[in-house]
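A.B. asks: First the structure, which I've put down as C-alpha cells, then a few questions once you've had a look.
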Amino acid sequence: MPTHFRDLGNALEWRAQGETLRVEAWGPHAVRVRATPGGPLLEDLPGALLDTPPSGGEAEIKIAEHHATLVNGRLTVRIDADTEGKLTPELGASAGRLTFLSTEDGTELLAEQPAHFWWPGPRLATATGNGHHRLEQRFRAYEGERLYGLGQHTHGMLNQKGAVIDLVQRNAEVTIPLLISDRGYGLLWNSPAIGRVELAETGTRWVADSARQIDYWITAGEPADVLSSYADATGHAPELPEWASGFWQCKLRYRTQDELMEVAREYKRRGLPLSVIVCDFFHWTHLGEWKFDPAEWPDPAAMVRELDEMGVKLMVSVWPSVSPASENYHPMLDQGFFIGTEFGPMAHADWPDKGLGAYSAQVAFYDATNPEAREFVWERIRRGYHELGIKVFWLDAGEPELKPGHQYNLRYHAGPGLEVGNLYPRENARTVHDGLRAAGENEIISLNRSTWAGAQRYGAALWSGDIATDFASLRTQIKAGLNVMMSGIPWWTTDIGGFHGGDPDDPAYREVLVRWFQYGTFCPLFRLHGFRGDEQVLEPAMTGLANEVWSYGEEAYGILAEHLRLRERLRPYVMEQMRTTSETGVPPMRPLFLEFPGDPVAWRVEDAFLLGPDLLVAPITEAGVREREVHLPSGARWTDAWTGEEHEGGQTITVVAPIERIPLFLRDGARLPVREEEA
C-alpha cells in the first residue's frame with residue numbers, strides 16, 4: 001500500500017483521492033498548513049502571512065507506513081494516513097488527520113476531529129462553483145480550554161470558549177482570525193474569507209463560505225511566545241511616534257477652522273497637555289474629494305502651522321466613499337477603481353453630501369485591494385492634506401460600511417467578496433502607509449475603525465467603533481481591548497465616554513465619563529471622542545455638544561486634568577513599552593495571564609490588566625462604586641501606587657477607589673511617577 005507521503009525538505013505533504021495536504025515549517029516553533037480538495041496548492045491567494053517565512057524554522061521529517069511526523073522546535077505535527085492501519089486512505093474519516101503535539105513532552109495541543117467516522121472528515125469542501133468551495137476545518141474541543149483573540153467584539157467575553165464569531169467586518173465588530181489557547185498554542189486562520197468560527201463544547205469549527213483552499217498557521221508556546229512568533233510571521237508594528245503617546249482631543253464634530261483652533265488654544269491657555277486634535281468628517285467639499293471646504297476651513301495651512309507651534313498634530317478624517325458629486329467619481333469609475341458587484345450597480349451606501357439638501361447620495365467605495373486605486377486615492381490625499389503638513393489620518397468607516405453588506409455580491413480587485421472581503425480595512429491602511437513612506441515620512445500611524453491580520457505592519461491603530469455611553473459598554477470595552485492585544489494589534493483605544501450620546505450636564509453620565517477617562521489614561525492610545533447629546537441627525541451641518549475636559553463640571557474637570565498630567569508623567573514608560581512591542585510583538589496592554597501564565601486565577605481576571613510588565617490597572621466600571629476587589633498575581637510583590645502599602649502576590653484584596661482615583665499597583669518595587677510628587 002502506498003504511503004501517500006512526500007518529504008519536501010522543509011515541508012511534509014500527504015495526498016489521497018485528489019486532496020493535497022501540506023505542512024510546512026514557517027518560522028521557529030510554527031507550521032503553515034494548506035489543503036486543497038483537488039489540484040495543486042495555490043500560492044498567490046491573499047492572506048496575513050508575509051511572503052517568506054521567518055528565518056530559523058527547520059523541519060525534521062520522519063515517514064512511516066501509516067503516519068508521518070514533522071518536528072519544528074516546540075511543535076510536532078503528526079499526519080495519520082489512516083486509523084492504525086485498519087482503514088485504507090480511501091475509507092474512513094480519519095485519513096490524513098493532523099495532530100499537533102508539544103515536542104517537549106508529547107502533550108496533545110490540538111487535533112483535527114472528523115465530523116463522522118465515515119464521512120465527512122475533519123476537512124470538508126462543498127463546491128460553490130467556479131472552483132470555489134464552502135470550506136470547513138474541524139478540531140477537537142477540550143474541557144476547560146480558554147481561548148482569546150479573534151479581534152474586537154461586543155459580546156462582553158474575554159475567554160471566548162462557547163462563542164460563535166462571525167468572520168466579517170462591521171462597525172465595532174472587527175475580525176482578526178488569531179486564536180490563542182491556554183493549552184499552549186496559537187492558530188491564525190490565514191484567510192480573509194467571510195465565514196465564522198464556532199468554539200463549541202463539542203468541537204471547534206472554522207468556516208469559509210466560499211474560498212479555494214484551507215490555509216492556517218499554528219505555533220506552540222505561552223501566549224507571549226505566540227504573539228512574538230505571530231509578529232515574526234505577519235510583520236512587526238513600527239515604533240509608535242512619541243507624540244502619539246499623548247492625549248488626543250476629538251468630538252463629532254468641529255464644524256469650522258475657528259471652532260477647532262479655539263479648542264486647541266484653550267488647552268494651551270489652561271496649561272493642559274494636548275498632542276493631537278481631530279478634524280472629523282464633512283470638512284470636505286464633497287465626499288470623496290479629500291480636501292478642505294474653504295467656506296469652513298479658509299486657511300488650513302495656517303491652522304497646521306499654528307498647531308505645530310503648540311506641539312499639536314492635526315489628524316484628519318479620511319473616508320473610502322466617493323459621492324457622485326465628487327470630481328473624482330467619474331475618473332475612478334472609468335478606471336475601474338471602485339468595488340464592483342456581480343449583479344446590479346456599483347457597491348454603494350446612502351450617505352449625505354453637501355449640496356443635496358435633505359437627500360442622500362448613493363456613494364461608491366474605492367477598491368483598496370487594487371494597487372492603482374490606492375495610488376490614485378493617496379495622490380488626492382497628498383494634494384489635499386499632506387502638502388499642507390498633515391501626516392496623521394483617521395480612516396473611518398473602513399469596513400467598508402456598505403448598506404446592505406451583501407458580501408456575496410461584491411467584486412474586489414483581489415477576488416470575490418466572499419473570498420477576500422475581510423481584507424479591505426488592512427489594505428485601506430496600506431494606502432496611507434505606502435503613500436507616507438513614498439513621501440519620505442518615517443513616523444506612520446493611521447486610526448482605523450476596522451482592521452485585519454497583518455495590519456500592524458502598516459502602522460494601523462484601531463479604535464472600538466461607535467459604542468454606547470454607559471458602564472455596561474465600558475465593561476465590554478475592557479475585554480474587547482484585551483482581546484485586540486491578543487490579536488497582534490498593539491495600538492488601540494476607545495471613544496472615551498462612548499460614542500452614541502451622553503449629556504455633559506447629567507451627573508450620572510459625568511461619572512461614566514470620569515471612570516472611562518481614568519481607564520483611557522492607561523490604554524495604548526489616549527483619546528476623548530463622542531457625539532454628545534440626545535438628538536443626533538446625520539447631515540453635513542451636524543455637530544454634538546461640547547466634549548472637552550472642561551465640559552463636565554468643576555469636579556470632573558479637576559479629576560480629568562490630573563489624569564492628563566498623570567499620562568504625561570507616564571509617557572516615557574509608555575514609550576518604553578511601545579519599543580518593546582515593536583521589537584517583540586508583546587503588546588503594551590496585557591491580560592494578567594500574559595505576564596503570569598503560571599497563576600491559574602490570572603487566567604480568569606477579565607476586568608483588570610497590566611500596562612507593560614510593571615503597572616497593574618483595575619478600572620471602576622459600575623455607578624456609585626468606591627471600592628473593588630483586585631487580584632494580585634502570584635510570583636511578585638505588589639505596591640499600592642497611591643498609598644505605598646505592599647502586598648504579597650497570589651491573593652485577592654479589596655481596594656478603596658474614591659471617584660478621583662483608579663486602583664493601581666506597582667510590581668516588585670517598580671518606581672513609576674504615578675503620584676505627582678514622585679515626578
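Ordering of the C-alpha cells sets the chain letters (A, B, ...); residue numbers start at 1 within each chain; ligands are numbered from 1 in the order shown.
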If we count only C-alpha atoms, what is near range 486-491 of chain A at a cut-off of 8 Å, once residues fewer than 3 positions away on the same chain are taken out, given as a PDB file with C-alpha atoms, in the first residue's frame?
C.D. replies:
```pdb
ATOM      1  CA  TYR A 148      -8.518  34.542  23.403  1.00  0.00           C
ATOM      2  CA  GLY A 149      -8.004  36.907  20.497  1.00  0.00           C
ATOM      3  CA  LEU A 150     -10.176  36.958  17.339  1.00  0.00           C
ATOM      4  CA  GLY A 151     -10.133  40.750  17.138  1.00  0.00           C
ATOM      5  CA  ILE A 176      -8.704  39.284  13.205  1.00  0.00           C
ATOM      6  CA  PRO A 177      -8.664  35.463  12.986  1.00  0.00           C
ATOM      7  CA  LEU A 178      -5.876  34.783  15.503  1.00  0.00           C
ATOM      8  CA  LEU A 179      -6.876  32.457  18.337  1.00  0.00           C
ATOM      9  CA  ILE A 180      -4.649  31.882  21.399  1.00  0.00           C
ATOM     10  CA  LEU A 227       2.449  36.783  19.923  1.00  0.00           C
ATOM     11  CA  TYR A 230       2.936  35.843  15.119  1.00  0.00           C
ATOM     12  CA  ALA A 231       4.669  39.236  14.708  1.00  0.00           C
ATOM     13  CA  ALA A 237       4.402  47.092  14.208  1.00  0.00           C
ATOM     14  CA  ALA A 453      -4.471  40.390  10.481  1.00  0.00           C
ATOM     15  CA  GLY A 454      -1.122  41.874   9.489  1.00  0.00           C
ATOM     16  CA  ALA A 455      -2.318  45.488   9.534  1.00  0.00           C
ATOM     17  CA  GLN A 456       0.089  46.226  12.389  1.00  0.00           C
ATOM     18  CA  ALA A 460      -2.585  50.681  11.773  1.00  0.00           C
ATOM     19  CA  ALA A 461      -4.129  51.646  15.092  1.00  0.00           C
ATOM     20  CA  LEU A 462      -7.659  50.524  15.930  1.00  0.00           C
ATOM     21  CA  LEU A 482      -7.513  42.879  25.787  1.00  0.00           C
ATOM     22  CA  ASN A 483      -8.622  40.534  23.017  1.00  0.00           C
ATOM     23  CA  PRO A 524      -2.122  52.337  24.447  1.00  0.00           C
ATOM     24  CA  LEU A 525      -3.719  55.422  22.860  1.00  0.00           C
ATOM     25  CA  THR A 581       6.101  45.866  21.298  1.00  0.00           C
ATOM     26  CA  GLY A 585       5.254  41.658  19.322  1.00  0.00           C
ATOM     27  CA  VAL A 586       4.245  41.550  23.020  1.00  0.00           C
ATOM     28  CA  PRO A 587       1.535  44.222  23.434  1.00  0.00           C
ATOM     29  CA  PRO A 588       1.700  47.222  25.785  1.00  0.00           C
ATOM     30  CA  MET A 589      -1.672  46.444  27.434  1.00  0.00           C
TER      31      MET A 589
END
```
A.B. asks: Identify, with DSSP run on backbone atoms, the residues in range 76-282 of chain A assigned to alpha helix (DSSP H), and express the list as a PyMOL selection string.
C.D. replies: chain A and resi 223-234+257-269
A.B. asks: Would you pick out the contacts of Asp308 in chain A at 12 Å or less, using only C-alpha atoms, so that residues sharing its chain but fewer than 6 positions from it are not included, and give the list as a list in words?
C.D. replies: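 Once the adjacent positions are removed, what remains is Trp243, Met261, Ala264, Leu274, Ser275, Val276, Ile277, Ala301, Ala302, Leu314, Met315, Leu388, Gly389, Ile390 and Lys391 of chain A.
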A.B. asks: Could you give me, as a PyMOL selection string, the residues within 6 Å of range 162-174 of chain A, counting only C-alpha atoms and dropping anything in the same chain fewer than 3 positions from it?
C.D. replies: chain A and resi 151-153+194-200+399+422+450+464-465
A.B. asks: Taking all heavy atoms for each residue, export the selection above as a CSV table (one decimal), in the first residue's frame.
C.D. replies:
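Result file again-v6.csv:
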```
chain,number,residue,atom,x,y,z
A,151,GLY,N,-9.8,39.4,17.5
A,151,GLY,CA,-10.1,40.8,17.1
A,151,GLY,C,-10.9,41.4,18.2
A,151,GLY,O,-10.7,41.2,19.4
A,152,GLN,N,-11.9,42.2,17.8
A,152,GLN,CA,-12.7,43.0,18.8
A,152,GLN,C,-14.2,42.8,18.6
A,152,GLN,O,-14.7,42.9,17.5
A,152,GLN,CB,-12.4,44.5,18.5
A,152,GLN,CG,-13.2,45.5,19.2
A,152,GLN,CD,-13.0,46.9,18.7
A,152,GLN,OE1,-12.0,47.5,19.0
A,152,GLN,NE2,-13.9,47.3,17.8
A,153,HIS,N,-14.8,42.4,19.7
A,153,HIS,CA,-16.2,42.1,19.6
A,153,HIS,C,-17.0,42.7,20.8
A,153,HIS,O,-16.4,43.0,21.9
A,153,HIS,CB,-16.4,40.6,19.5
A,153,HIS,CG,-15.7,40.0,18.3
A,153,HIS,ND1,-16.3,40.1,17.1
A,153,HIS,CD2,-14.6,39.4,18.2
A,153,HIS,CE1,-15.5,39.6,16.2
A,153,HIS,NE2,-14.4,39.1,16.8
A,194,ILE,N,-15.2,35.5,4.1
A,194,ILE,CA,-16.3,35.7,5.0
A,194,ILE,C,-16.7,34.3,5.6
A,194,ILE,O,-16.7,33.3,4.8
A,194,ILE,CB,-17.5,36.3,4.3
A,194,ILE,CG1,-17.1,37.6,3.6
A,194,ILE,CG2,-18.7,36.5,5.3
A,194,ILE,CD1,-16.5,38.7,4.6
A,195,GLY,N,-17.0,34.2,6.8
A,195,GLY,CA,-17.3,32.9,7.4
A,195,GLY,C,-17.6,33.0,8.9
A,195,GLY,O,-18.2,34.0,9.3
A,196,ARG,N,-17.1,32.1,9.6
A,196,ARG,CA,-17.3,32.1,11.1
A,196,ARG,C,-16.4,31.1,11.8
A,196,ARG,O,-15.9,30.2,11.1
A,196,ARG,CB,-18.8,31.8,11.5
A,196,ARG,CG,-19.3,30.4,11.2
A,196,ARG,CD,-20.7,30.2,11.5
A,196,ARG,NE,-21.2,28.9,11.3
A,196,ARG,CZ,-21.6,28.4,10.1
A,196,ARG,NH1,-21.5,29.2,9.1
A,196,ARG,NH2,-22.0,27.1,10.0
A,197,VAL,N,-16.3,31.2,13.1
A,197,VAL,CA,-15.6,30.2,13.9
A,197,VAL,C,-16.5,29.9,15.0
A,197,VAL,O,-17.0,30.8,15.7
A,197,VAL,CB,-14.2,30.7,14.3
A,197,VAL,CG1,-14.2,32.0,15.1
A,197,VAL,CG2,-13.5,29.6,15.1
A,198,GLU,N,-16.7,28.6,15.3
A,198,GLU,CA,-17.5,28.1,16.3
A,198,GLU,C,-16.7,27.4,17.4
A,198,GLU,O,-16.0,26.4,17.1
A,198,GLU,CB,-18.5,27.1,15.7
A,198,GLU,CG,-19.4,27.6,14.6
A,198,GLU,CD,-20.0,26.5,13.8
A,198,GLU,OE1,-19.7,25.3,14.0
A,198,GLU,OE2,-20.8,26.9,12.9
A,199,LEU,N,-16.7,27.9,18.6
A,199,LEU,CA,-15.9,27.4,19.7
A,199,LEU,C,-16.7,26.7,20.7
A,199,LEU,O,-16.8,27.0,21.8
A,199,LEU,CB,-15.2,28.6,20.3
A,199,LEU,CG,-14.4,29.5,19.4
A,199,LEU,CD1,-13.8,30.8,20.1
A,199,LEU,CD2,-13.3,28.8,18.7
A,200,ALA,N,-17.3,25.6,20.2
A,200,ALA,CA,-18.3,24.8,20.9
A,200,ALA,C,-17.7,23.9,21.9
A,200,ALA,O,-16.5,23.5,21.8
A,200,ALA,CB,-19.2,24.1,20.0
A,399,GLU,N,-14.8,49.5,6.9
A,399,GLU,CA,-15.1,48.0,6.8
A,399,GLU,C,-15.1,47.5,5.4
A,399,GLU,O,-14.7,46.4,5.2
A,399,GLU,CB,-16.5,47.8,7.5
A,399,GLU,CG,-16.5,48.1,9.0
A,399,GLU,CD,-16.6,49.5,9.4
A,399,GLU,OE1,-17.1,50.3,8.6
A,399,GLU,OE2,-16.1,49.9,10.4
A,422,ASN,N,-12.8,40.4,4.1
A,422,ASN,CA,-12.2,40.8,5.4
A,422,ASN,C,-10.9,41.6,5.2
A,422,ASN,O,-10.4,42.2,6.1
A,422,ASN,CB,-12.0,39.7,6.3
A,422,ASN,CG,-13.3,39.2,6.9
A,422,ASN,OD1,-14.2,40.0,7.3
A,422,ASN,ND2,-13.5,37.9,7.0
A,450,SER,N,-11.9,49.6,11.5
A,450,SER,CA,-11.8,48.1,11.3
A,450,SER,C,-10.4,47.8,10.9
A,450,SER,O,-9.6,48.7,10.4
A,450,SER,CB,-12.8,47.7,10.2
A,450,SER,OG,-14.1,47.7,10.6
A,464,SER,N,-12.5,51.3,18.9
A,464,SER,CA,-13.5,50.3,19.0
A,464,SER,C,-14.9,50.7,18.4
A,464,SER,O,-15.9,50.0,18.7
A,464,SER,CB,-13.7,50.0,20.5
A,464,SER,OG,-14.1,51.1,21.3
A,465,GLY,N,-14.9,51.7,17.6
A,465,GLY,CA,-16.1,52.0,16.8
A,465,GLY,C,-17.2,52.8,17.6
A,465,GLY,O,-16.9,53.3,18.6
```
A.B. asks: Find the residues near range 318-324 of chain A: any atom within 8 Å, counting only C-alpha atoms, skip ones fewer than 6 places away on the same chain, and give them as a list in words.
C.D. replies: Phe281, His286, Leu287, Gly288, Glu289, Trp290, His330, Asp353, Ala361, Gln362, Val363, Ala364, Phe365, Tyr366, Phe393, Trp394, Leu395, Asp396, Ala397, Gly398, Pro400 and Asn428 of chain A
A.B. asks: What separation in Å, quoted to one decimal, exists between CA of Asp534 in chain A and CA of Pro504 in chain A?
C.D. replies: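 Taking CA of Asp534 in chain A and CA of Pro504 in chain A, their separation equals 11.0 Å.
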A.B. asks: Please determine, counting only C-alpha atoms, which residue among A:Leu135, A:Val601, A:Met575, A:Val392 has the shortest atom-to-atom distance to Trp248 in chain A.
C.D. replies: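 Among A:Leu135, A:Val601, A:Met575, A:Val392, it is A:Val392 that comes nearest to Trp248 in chain A.
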A.B. asks: Per DSSP on the backbone, filter range 344-403 of chain A down to the residues in strand (DSSP E) and report them as an MDAnalysis selection string.
C.D. replies: chainID A and resid 349:352 360:365 392:395
A.B. asks: Determine, counting only C-alpha atoms, which protein, DNA and RNA residues have an atom within 12 Å of an atom of Pro591 in chain A; residues of the same chain fewer than 2 positions away are not included. Present the result as a VMD selection string.
C.D. replies: chain A and resid 148 to 149 158 to 159 223 to 224 478 to 486 586 to 589 593 to 597 601 to 613 615 to 618 633
A.B. asks: Write out as a list in words which residues come within 9 Å of Asn547 in chain A when counting only C-alpha atoms, dropping same-chain ones fewer than 3 positions away.
C.D. replies: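 The residues satisfying every condition are Gln249, Cys250, Lys251, Leu252, Pro504, Leu528, His529, Gly530, Phe531, Arg532, Gly544, Trp550, Ser551 and Tyr552 of chain A.
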A.B. asks: Generate the output file for the selected residues, N, CA and C atoms, as a PDB file, in the first residue's frame.
C.D. replies:
```
ATOM      1  N   GLN A 249      -7.534  64.938  21.475  1.00  0.00           N
ATOM      2  CA  GLN A 249      -8.833  65.580  21.684  1.00  0.00           C
ATOM      3  C   GLN A 249      -9.676  65.459  20.415  1.00  0.00           C
ATOM      4  N   CYS A 250     -10.914  65.002  20.596  1.00  0.00           N
ATOM      5  CA  CYS A 250     -11.778  64.760  19.449  1.00  0.00           C
ATOM      6  C   CYS A 250     -13.228  64.878  19.880  1.00  0.00           C
ATOM      7  N   LYS A 251     -14.085  65.286  18.964  1.00  0.00           N
ATOM      8  CA  LYS A 251     -15.530  65.197  19.140  1.00  0.00           C
ATOM      9  C   LYS A 251     -16.170  65.164  17.765  1.00  0.00           C
ATOM     10  N   LEU A 252     -17.418  64.733  17.714  1.00  0.00           N
ATOM     11  CA  LEU A 252     -18.173  64.822  16.483  1.00  0.00           C
ATOM     12  C   LEU A 252     -19.077  66.056  16.613  1.00  0.00           C
ATOM     13  N   PRO A 504     -23.320  66.047  28.896  1.00  0.00           N
ATOM     14  CA  PRO A 504     -22.298  66.575  29.805  1.00  0.00           C
ATOM     15  C   PRO A 504     -22.853  67.185  31.084  1.00  0.00           C
ATOM     16  N   LEU A 528     -10.178  61.140  23.626  1.00  0.00           N
ATOM     17  CA  LEU A 528     -11.535  61.537  24.005  1.00  0.00           C
ATOM     18  C   LEU A 528     -12.333  61.820  22.738  1.00  0.00           C
ATOM     19  N   HIS A 529     -13.481  61.150  22.600  1.00  0.00           N
ATOM     20  CA  HIS A 529     -14.323  61.363  21.419  1.00  0.00           C
ATOM     21  C   HIS A 529     -15.767  61.063  21.778  1.00  0.00           C
ATOM     22  N   GLY A 530     -16.704  61.491  20.949  1.00  0.00           N
ATOM     23  CA  GLY A 530     -18.102  61.142  21.125  1.00  0.00           C
ATOM     24  C   GLY A 530     -19.019  62.131  20.444  1.00  0.00           C
ATOM     25  N   PHE A 531     -20.262  61.699  20.272  1.00  0.00           N
ATOM     26  CA  PHE A 531     -21.318  62.519  19.676  1.00  0.00           C
ATOM     27  C   PHE A 531     -22.300  62.827  20.793  1.00  0.00           C
ATOM     28  N   ARG A 532     -21.992  63.865  21.569  1.00  0.00           N
ATOM     29  CA  ARG A 532     -22.758  64.162  22.766  1.00  0.00           C
ATOM     30  C   ARG A 532     -24.118  64.775  22.425  1.00  0.00           C
ATOM     31  N   GLY A 544     -22.110  67.889  17.723  1.00  0.00           N
ATOM     32  CA  GLY A 544     -22.589  67.433  19.013  1.00  0.00           C
ATOM     33  C   GLY A 544     -22.325  68.487  20.083  1.00  0.00           C
ATOM     34  N   TRP A 550     -13.098  70.280  30.106  1.00  0.00           N
ATOM     35  CA  TRP A 550     -13.757  71.273  30.966  1.00  0.00           C
ATOM     36  C   TRP A 550     -15.271  71.309  30.746  1.00  0.00           C
ATOM     37  N   SER A 551     -15.815  70.356  29.966  1.00  0.00           N
ATOM     38  CA  SER A 551     -17.236  70.376  29.604  1.00  0.00           C
ATOM     39  C   SER A 551     -18.121  69.658  30.611  1.00  0.00           C
ATOM     40  N   TYR A 552     -17.531  69.083  31.670  1.00  0.00           N
ATOM     41  CA  TYR A 552     -18.276  68.174  32.538  1.00  0.00           C
ATOM     42  C   TYR A 552     -18.361  68.653  33.988  1.00  0.00           C
TER      43      TYR A 552
END
```
A.B. asks: Which residues of range 395-427 of chain A sit at most 12 Å from range 339-344 of chain A, using only C-alpha atoms? Give each one's shortest atom pair and distance in Å (one decimal place), in chain and ascending residue order, as a Markdown table.
C.D. replies:
```
| residue | atom | partner | partner_atom | distance |
| --- | --- | --- | --- | --- |
| A:Pro400 | CA | A:Ile339 | CA | 10.0 |
| A:Leu402 | CA | A:Ile339 | CA | 10.5 |
| A:Gly405 | CA | A:Thr341 | CA | 11.6 |
| A:His406 | CA | A:Thr341 | CA | 9.7 |
| A:Gln407 | CA | A:Thr341 | CA | 9.1 |
| A:Tyr408 | CA | A:Glu342 | CA | 8.2 |
| A:Asn409 | CA | A:Glu342 | CA | 5.1 |
| A:Leu410 | CA | A:Thr341 | CA | 4.4 |
| A:Arg411 | CA | A:Gly340 | CA | 4.8 |
| A:Tyr412 | CA | A:Ile339 | CA | 5.5 |
| A:His413 | CA | A:Ile339 | CA | 7.7 |
| A:Ala414 | CA | A:Ile339 | CA | 10.3 |
| A:Gly415 | CA | A:Ile339 | CA | 10.5 |
| A:Pro416 | CA | A:Glu342 | CA | 8.7 |
| A:Gly417 | CA | A:Thr341 | CA | 8.7 |
| A:Leu418 | CA | A:Glu342 | CA | 11.6 |
| A:Gly421 | CA | A:Ile339 | CA | 10.7 |
| A:Tyr424 | CA | A:Ile339 | CA | 10.3 |
```
A.B. asks: Could you check which of A:Arg579, A:His4, A:Arg212, A:Arg146 is closest to Ala95 in chain A, using only C-alpha atoms?
C.D. replies: A:His4
A.B. asks: Provide the CA of Lys161 in chain A to CA of Asp182 in chain A distance in Å, to one decimal place.
C.D. replies: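 Here the two named atoms are 11.1 Å from each other.
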A.B. asks: For Met303 in chain A, which residue among A:Glu222, A:Val23, A:Gln213, A:Tyr385 is the nearest when counting only C-alpha atoms?
C.D. replies: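 Residue with the minimum atom-to-atom distance to Met303 in chain A: A:Tyr385.
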A.B. asks: Work out how far apart CA of Leu474 in chain A and CA of Trp516 in chain A are and give it in Å to one decimal.
C.D. replies: 6.7 Å
A.B. asks: Measuring atom to atom with only C-alpha atoms, identify which of A:His67, A:Thr256, A:Ser55, A:Ser210 is nearest to Asp299 in chain A.
C.D. replies: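 Checking each candidate against Asp299 in chain A, we get A:Thr256 as the closest.
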